[in-house]
Structure formats: structure tokens, C-alpha cells
Amino acid sequence: TTSYLGKAREAILALKIAQAQDKDQVLCNYMNTIYLGRGTYGIQAAAKAYFGKDAKDLTMPEAAMIAGIIPSPSSWDPAVDPEQAQARFTRVLRIMQEDGYITAQEQQEAQFPQTIEYTQQNSYQGANGYLLQMVRDELTGDGTFSAEQLDTGGYAIVTTIDKSKQDIMYSVVSPAQNGMQGVIPDGMEFGGISVNAKDGSIISVYAGEDYLTKQLNQATQSVYEIGSTMKPMALLGAIQEGVNLDTVFNGNSPRKFDGIADPVGNFGNMSYGNVNLYTATAQSLNTVYMDVQAKLGTQRIAEIAKEAGAESDALDGTNPFTVLGNNALTTKDVARMYATIANQGNRPNIHIVSSVKNTDGEDIYKAPTDTTQVFDANDTALVTKAMTGTVQNGTATEALAVGHNLAMKTGTANDSYAASAVGFTPSVVSVFAMWYPDANGNPQEVPAFGGWSGGSDYPVHLFTQYMTQALAGTDNETFPNAVDHGKVGGSDGSWGLGSQTLQQMQEAQRKAQ
């Protein structure tokens with residue numbers, strides 16, 4: 001039968017028979033193939049999932065509850081929608097009384113049963129659970145599929161995850177696999193993600209150690225202060241304003257800025273004198289980028305980050321240290337931002353599902369691999385050119401060991417609450433971050449450990465280890481050429497220290513002597 005009433009009657013009959021006869025005689029057909037929610041097929045599995053007992057031991061009210069949710073078990077599970085489950089229970093009791101299975105008194109006295117707490121099946125154990133939940137969230141998040149359809153449709157779902165690179169990701173990041181267990185402080189958390197910059201497909205992801213222990217995905221849900229990995233968004237803004245990257249700024253530390261109570265310093269409070277934007281980016285100079293922010297405004301920097309792909313509502317441009325990355329994002333946000341830069345201004349949709357096929361082998365879903373042009377290709381090429389200096393002579397020189405052309409940016413959050421690194425080739429973007437919450441989830445300083453400072457040096461190490469293995473045997477891609485059409489000091493000479501290059505300034509000083 002296909003009617004809800006017919007299904008309910010069949011279910012009750014099957015349940016009653018199952019309690020009186022050998023289950024092999026009755027469960028091999030309908031009741032042992034029907035989906036009953038909580039990842040179960042068949043009444044025996046459902047009895048265990050909902051009540052922690054065998055089907056033969058179910059009470060009449062318990063059997064009625066299960067029968068009531070048959071048409072939509074995932075949606076009508078008492079843990080999801082108790083009111084609907086109660087309504088269905090009442091309806092089944094009425095049908096049972098009408099059909100003579102129970103008396104009117106039994107119907108009146110029956111109480112809605114208490115179900116046990118639902119825990120995910122073993123398929124969600126370990127790191128695999130994060131991938132399964134990411135797939136489920138992606139397919140149901142926009143209404144493309146319902147949870148019921150995914151549970152009962154018999155679909156073949158193909159993900160974008162590269163198994164070999166996923167194994168590399170965990171071998172590099174997981175303290176249980178990389179030999180750092182007992183060295184890394186207990187409670188330290190990591191997030192890692194690698195994506196295809198061309199189409200947004202997720203290649204590998206470090207989301208946590210065990211989904212059943214902790215369901216919060218550390219790559220797509222946990223947020224951390226991204227620190228100086230925000231600076232290239234401001235650099236792009238300066239380029240859009242016609243500022244040449246040879247424009248000179250004051251790189252000394254500390255310095256005072258309008259509207260900021262305390263002086264702002266560079267890492268280690270180091271002074272660099274007069275520097276251009278290439279050096280300021282490679283060395284991640286806070287004082288220079290605060291000057292850039294003063295010209296662009298915090299709102300514009302936040303807008304650029306969102307145009308690039310950041311999706312956090314917290315990134316609203318009200319933070320006076322927006323350019324220093326005091327806003328918290330996910331590694332997925334950062335990956336999308338830099339996939340847009342790597343892909344010459346074309347913003348991809350980050351996704352983990354490649355396709356879904358029905359039971360006939362027909363494609364009923366294809367991933368959104370299209371991109372949106374949000375930035376000028378030459379502008380993003382200039383940003384990339386500046387970011388290569390981070391690897392060549394800046395804060396991520398360890399990554400030279402990868403042996404491929406790379407553009408990178410490192411980040412250490414305010415008060416060292418987090419540390420991170422993002423880098424890319426023209427095709428692959430990878431992000432690694434670490435943070436150290438207290439018992440209540442509040443941020444606290446990342447401590448030094450095992451010879452690492454607690455800053456971005458360990459995320460750079462993770463990036464280097466992962467990319468070295470992930471890119472092994474692949475071609476060394478070349479970044480697109482960039483032409484700097486901007487003017488030193490900007491169109492009106494008001495940016496930085498004016499319209500002279502560093503070389504011109506030094507020449508003028510020599511002549512003055």
C-alpha cells in the first residue's frame with residue numbers, strides 16, 4: 001500500500017506479528033527494508049535506536065510511536081518534532097482501536113513513550129563523521145534535498161575529497177599522527193582546508209579528531225582571529241585606488257594613529273624605516289597597513305573581504321583593527337577569499353559534493369562550479385606578486401622547501417589568540433590555523449611548544465609539510481604577469497610618504513649630503 005493509513009496498519013500488524021513469531025518469517029520483507037529514521041532500516045534496528053531494546057520487547061505504545069512516524073521518520077522523530085510525533089502516535093492508536101487491535105480502554109490509557117537520546121551511528125566515528133555531516137549540510141542547506149530524501153533515496157553521492165590528500169592532511173595536522181601528541185598542549189585546536197582555486201572544490205580538510213566526541217567542525221564552523229592574513233585585502237583596495245606598490249610608507253614601530261588610544265607596533269616591536277608595500281607585505285608590518293587602512297577605511301576593507309568570499313556577519317567594518325584581522329572567520333572563509341585572488345578575481349563556490357546520482361545512475365545534482373568575476377585580474381595578480389615575497393624573504397621562508405611557486409600570508413592574532421597561514425599556487429589554496437580556547441571556549445594566548453613560538457611559524461610548517469606532499473609530482477605553475485599601472489603615492493600623492501620611490505628618496509638624501 002502507498003497510503004499513510006495503509007502503511008500504519010501494515011506496520012502495526014508487522015510489529016504485533018514480530019512480537020509473536022520468528023522474526024525471520026516477517027521481517028525479511030516490508031518491515032526489514034523500510035527506513036525508520038535515525039539511520040535505521042527495519043523494526044529491530046529502530047527498536048534499538050529509539051528505545052534501546054529488541055523489537056520483541058517493545059510495548060504497544062512504543063510500537064505505535066514507531067509506526068506513526070513511518071511516512072517521514074527523520075522529520076517526525078520525537079527528538080526533532082515532538083508535537084508531530086505525538087499527533088501521529090494519537091492517530092495510530094485511533095486506527096488500532098478502530099481495527100480491533102486494542103480496546104478503547106487501552107487506547108485511552110496508552111501514554112506517549114520516552115525515547116532514548118539519539119547518537120550518530122558508527123559511520124560518523126572519527127574524522128569521517130565531519131565529511132558525512134558536511135555533505136549532508138551542503139545538500140540540505142539550500143533546500144536541494146530534504147533529510148528524508150538523503151536517508152531513503154538510495155542516492156550515490158560523489159564528493160570532491162581526494163582520499164590520498166585527505167590522508168596527507170591528517171598525517172600532517174593530527175597530533176595523534178604527526179608525533180606531536182604530548183608536545184602540543186592539551187586543548188590546542190587546529191583547522192585546515194585545501195581547495196581547488198579554479199572551481200571551489202574541497203580537496204582535503206582537517207575538521208577535528210572525532211565527530212562523535214565533538215561535532216563542531218574546526219574548518220568550516222570554528223572561528224579564529226585571522227590576523228595579518230587580512231592585509232592583502234587592504235592591499236587590493238590600495239591597488240584599486242591607483243596606488244603603485246612602490247609607494248613608500250613609514251615602517252617604524254610603535255606609532256600612534258588617529259582614533260586609536262594606544263600606539264600600534266609591528267611584531268616584536270621592530271622598526272623597518274621607510275619601506276614600500278612589497279616589503280610591508282612580506283614582513284607583515286602593522287604600522288604600514290594601519291596607514292593603508294586610514295586611507296581606505298575599515299568599511300572598505302571589510303567589503304573587499306566579503307566580495308572575495310568571507311561570509312561572516314561579524315565582518316562589518318566597525319572594528320578599528322579590521323586590517324589587522326581582529327575579526328574572526330573560519331578557515332573555509334579564508335580559503336575562499338584567497339581562491340578568488342589565486343583565480344584572477346573569479347570567486348568560486350566552496351563545495352564538497354561533486355554530484356548525486358539516483359538509483360538509475362542518472363545525475364540529479366551537479367556541483368556549482370561556476371565562478372563570479374569580482375575583481376580585476378591584473379589587480380589580483382599584483383596582490384599575488386606582493387604575497388610571493390612572504391615566501392622569498394618574509395615570514396614564511398620555510399615554504400621554499402615546497403619547491404613550487406607560492407604566494408603566502410601569515411597571521412598572528414591580537415594578544416596571540418590565534419596563528420595561521422594561507423598560501424596558494426595558481427590552482428590550489430591551503431589554509432592552516434591554530435587557537436587555544438579555555439574551558440569555556442574563550443580565546444587565550446597560544447603558548448610556545450616544542451621549539452615553536454606559538455605564532456605563525458607552526459601553521460607555516462603545517463602548510464609546508466602538506467603542500468610538499470600534496471603537490472609532489474605535479475607541474476610547477478607560473479603566476480600570471482602583473483603590470484602596476486598605479487602611481488607612487490596614489491593619484492594625488494597623498495598615500496604613504498608621497499610620490500617618490502624609495503630609490504628616489506635615497507638618491508635625494510645622498511645629494512643632500
# chains A, B, ... in the order shown; residues from 1 in each chain; ligands from 1
$ residues_around --residues "A:Ala339" --least-positions-apart "2" --cutoff "8 Å" --atoms "only C-alpha atoms" --output "number ranges by chain"
A: 195-198, 200, 335-337, 341-343, 347-348, 424, 428-429
$ write_last_selection --atoms "N, CA and C atoms" --output "CSV table (one decimal), in the first residue's frame"
chain,number,residue,atom,x,y,z
A,195,VAL,N,41.7,23.7,-1.1
A,195,VAL,CA,40.6,23.8,-2.1
A,195,VAL,C,41.2,24.0,-3.5
A,196,ASN,N,40.5,23.6,-4.5
A,196,ASN,CA,40.8,23.9,-5.9
A,196,ASN,C,40.4,25.3,-6.2
A,197,ALA,N,41.3,26.2,-6.5
A,197,ALA,CA,41.0,27.6,-6.7
A,197,ALA,C,40.2,27.9,-7.9
A,198,LYS,N,40.2,27.0,-8.8
A,198,LYS,CA,39.5,27.2,-10.1
A,198,LYS,C,38.0,27.0,-10.0
A,200,GLY,N,36.5,25.7,-6.7
A,200,GLY,CA,36.0,25.8,-5.3
A,200,GLY,C,35.8,24.4,-4.7
A,335,ALA,N,40.0,30.5,2.9
A,335,ALA,CA,40.3,29.7,1.6
A,335,ALA,C,39.5,30.3,0.4
A,336,ARG,N,38.3,30.7,0.7
A,336,ARG,CA,37.5,31.2,-0.5
A,336,ARG,C,38.0,32.6,-0.9
A,337,MET,N,38.4,33.4,0.1
A,337,MET,CA,39.0,34.7,-0.2
A,337,MET,C,40.2,34.6,-1.1
A,341,ILE,N,41.6,35.4,-5.2
A,341,ILE,CA,42.8,36.0,-5.6
A,341,ILE,C,43.6,35.1,-6.5
A,342,ALA,N,43.7,33.9,-6.2
A,342,ALA,CA,44.5,32.9,-7.0
A,342,ALA,C,43.9,32.7,-8.4
A,343,ASN,N,42.5,32.8,-8.4
A,343,ASN,CA,41.8,32.6,-9.6
A,343,ASN,C,41.5,33.9,-10.4
A,347,ARG,N,35.5,34.5,-8.2
A,347,ARG,CA,35.2,33.9,-6.9
A,347,ARG,C,34.4,32.6,-7.1
A,348,PRO,N,35.0,31.5,-6.5
A,348,PRO,CA,34.3,30.2,-6.6
A,348,PRO,C,33.3,29.9,-5.5
A,424,PHE,N,49.0,29.8,-1.7
A,424,PHE,CA,48.4,29.2,-2.9
A,424,PHE,C,49.4,29.1,-4.1
A,428,VAL,N,45.8,25.7,-6.3
A,428,VAL,CA,45.5,25.1,-5.0
A,428,VAL,C,45.7,26.2,-3.9
A,429,VAL,N,44.7,26.3,-3.1
A,429,VAL,CA,44.8,27.2,-1.9
A,429,VAL,C,44.7,26.3,-0.6
$ residues_around --residues "A:Ala176" --least-positions-apart "4" --cutoff "12 Å" --atoms "only C-alpha atoms" --output "PyMOL selection string"
chain A and resi 170-172+180-184+186+208-210
$ select_by_dssp --residues "stretch 405-482 of chain A" --states "helix (DSSP H, G or I)" --output "ChimeraX atom specification"
/A:414-416,457-470
$ write_last_selection --atoms "N, CA and C atoms" --output "PDB file, in the first residue's frame"
ATOM      1  N   ASN A 414      45.694  39.344  17.568  1.00  0.00           N
ATOM      2  CA  ASN A 414      45.941  40.231  18.695  1.00  0.00           C
ATOM      3  C   ASN A 414      46.082  39.406  19.977  1.00  0.00           C
ATOM      4  N   ASP A 415      47.080  39.744  20.792  1.00  0.00           N
ATOM      5  CA  ASP A 415      47.373  39.025  22.040  1.00  0.00           C
ATOM      6  C   ASP A 415      47.698  37.555  21.782  1.00  0.00           C
ATOM      7  N   SER A 416      48.089  37.235  20.552  1.00  0.00           N
ATOM      8  CA  SER A 416      48.472  35.865  20.176  1.00  0.00           C
ATOM      9  C   SER A 416      47.367  34.856  20.466  1.00  0.00           C
ATOM     10  N   ASP A 457      54.655  30.463  12.912  1.00  0.00           N
ATOM     11  CA  ASP A 457      55.675  29.549  12.390  1.00  0.00           C
ATOM     12  C   ASP A 457      55.183  28.101  12.314  1.00  0.00           C
ATOM     13  N   TYR A 458      54.369  27.660  13.285  1.00  0.00           N
ATOM     14  CA  TYR A 458      53.867  26.287  13.215  1.00  0.00           C
ATOM     15  C   TYR A 458      52.830  26.115  12.102  1.00  0.00           C
ATOM     16  N   PRO A 459      51.865  27.030  11.927  1.00  0.00           N
ATOM     17  CA  PRO A 459      50.989  26.915  10.756  1.00  0.00           C
ATOM     18  C   PRO A 459      51.754  26.930   9.433  1.00  0.00           C
ATOM     19  N   VAL A 460      52.820  27.719   9.337  1.00  0.00           N
ATOM     20  CA  VAL A 460      53.648  27.702   8.119  1.00  0.00           C
ATOM     21  C   VAL A 460      54.272  26.320   7.944  1.00  0.00           C
ATOM     22  N   HIS A 461      54.685  25.720   9.048  1.00  0.00           N
ATOM     23  CA  HIS A 461      55.261  24.383   8.993  1.00  0.00           C
ATOM     24  C   HIS A 461      54.219  23.370   8.491  1.00  0.00           C
ATOM     25  N   LEU A 462      53.008  23.455   9.019  1.00  0.00           N
ATOM     26  CA  LEU A 462      51.947  22.552   8.567  1.00  0.00           C
ATOM     27  C   LEU A 462      51.676  22.739   7.083  1.00  0.00           C
ATOM     28  N   PHE A 463      51.614  23.991   6.655  1.00  0.00           N
ATOM     29  CA  PHE A 463      51.401  24.297   5.239  1.00  0.00           C
ATOM     30  C   PHE A 463      52.511  23.675   4.385  1.00  0.00           C
ATOM     31  N   THR A 464      53.733  23.855   4.823  1.00  0.00           N
ATOM     32  CA  THR A 464      54.888  23.351   4.066  1.00  0.00           C
ATOM     33  C   THR A 464      54.858  21.834   3.970  1.00  0.00           C
ATOM     34  N   GLN A 465      54.581  21.190   5.087  1.00  0.00           N
ATOM     35  CA  GLN A 465      54.539  19.731   5.098  1.00  0.00           C
ATOM     36  C   GLN A 465      53.422  19.207   4.196  1.00  0.00           C
ATOM     37  N   TYR A 466      52.265  19.826   4.280  1.00  0.00           N
ATOM     38  CA  TYR A 466      51.133  19.365   3.469  1.00  0.00           C
ATOM     39  C   TYR A 466      51.376  19.607   1.986  1.00  0.00           C
ATOM     40  N   MET A 467      51.734  20.825   1.628  1.00  0.00           N
ATOM     41  CA  MET A 467      51.867  21.172   0.208  1.00  0.00           C
ATOM     42  C   MET A 467      53.023  20.430  -0.452  1.00  0.00           C
ATOM     43  N   THR A 468      54.083  20.174   0.291  1.00  0.00           N
ATOM     44  CA  THR A 468      55.201  19.411  -0.274  1.00  0.00           C
ATOM     45  C   THR A 468      54.728  18.048  -0.761  1.00  0.00           C
ATOM     46  N   GLN A 469      53.912  17.398   0.054  1.00  0.00           N
ATOM     47  CA  GLN A 469      53.419  16.069  -0.312  1.00  0.00           C
ATOM     48  C   GLN A 469      52.262  16.139  -1.310  1.00  0.00           C
ATOM     49  N   ALA A 470      51.363  17.095  -1.120  1.00  0.00           N
ATOM     50  CA  ALA A 470      50.184  17.185  -1.982  1.00  0.00           C
ATOM     51  C   ALA A 470      50.541  17.582  -3.407  1.00  0.00           C
TER      52      ALA A 470
END
$ atom_distance --atom1 "atom CA of A:Lys256" --atom2 "atom CA of A:Ala314"
26.0 Å
$ closest_atom_pairs --of "stretch 364-476 of chain A" --to "stretch 130-152 of chain A" --cutoff "12 Å" --atoms "only C-alpha atoms" --output "Markdown table"
| residue | atom | partner | partner_atom | distance |
| --- | --- | --- | --- | --- |
| A:Ile364 | CA | A:Thr144 | CA | 10.1 |
| A:Tyr365 | CA | A:Thr144 | CA | 8.6 |
| A:Lys366 | CA | A:Leu139 | CA | 10.7 |
| A:Ala367 | CA | A:Leu139 | CA | 9.9 |
| A:Pro368 | CA | A:Glu138 | CA | 11.4 |
$ atom_distance --atom1 "atom CA of A:Glu477" --atom2 "atom CA of A:Ile226"
27.0 Å
$ closest_residue --among "A:Ile304, A:Met188, A:Leu497, A:Met230" --to "A:Pro443" --atoms "only C-alpha atoms"
A:Met188
$ atom_distance --atom1 "atom CA of A:Leu236" --atom2 "atom CA of A:His404"
23.7 Å
$ select_by_dssp --residues "stretch 271-342 of chain A" --states "strand (DSSP E)" --output "number ranges by chain"
A: 274-276, 328-329
$ residues_around --residues "A:Tyr155" --least-positions-apart "6" --cutoff "8 Å" --atoms "only C-alpha atoms" --output "list in words"
Val356, Lys357, Asn358 and Thr359 of chain A
$ residues_around --residues "A:Ala280" --least-positions-apart "4" --cutoff "10 Å" --atoms "only C-alpha atoms" --output "PyMOL selection string"
chain A and resi 231+245+248-251+272+274-276+284-289+386+389-390+394
$ residues_around --residues "A:Ser253" --least-positions-apart "5" --cutoff "6 Å" --atoms "only C-alpha atoms" --output "JSON, numbers by chain"
{"A": [265, 266, 269, 270, 271]}
$ closest_residue --among "A:Gly496, A:Pro61, A:Gly451, A:Gly489" --to "A:Arg88" --atoms "only C-alpha atoms"
A:Pro61
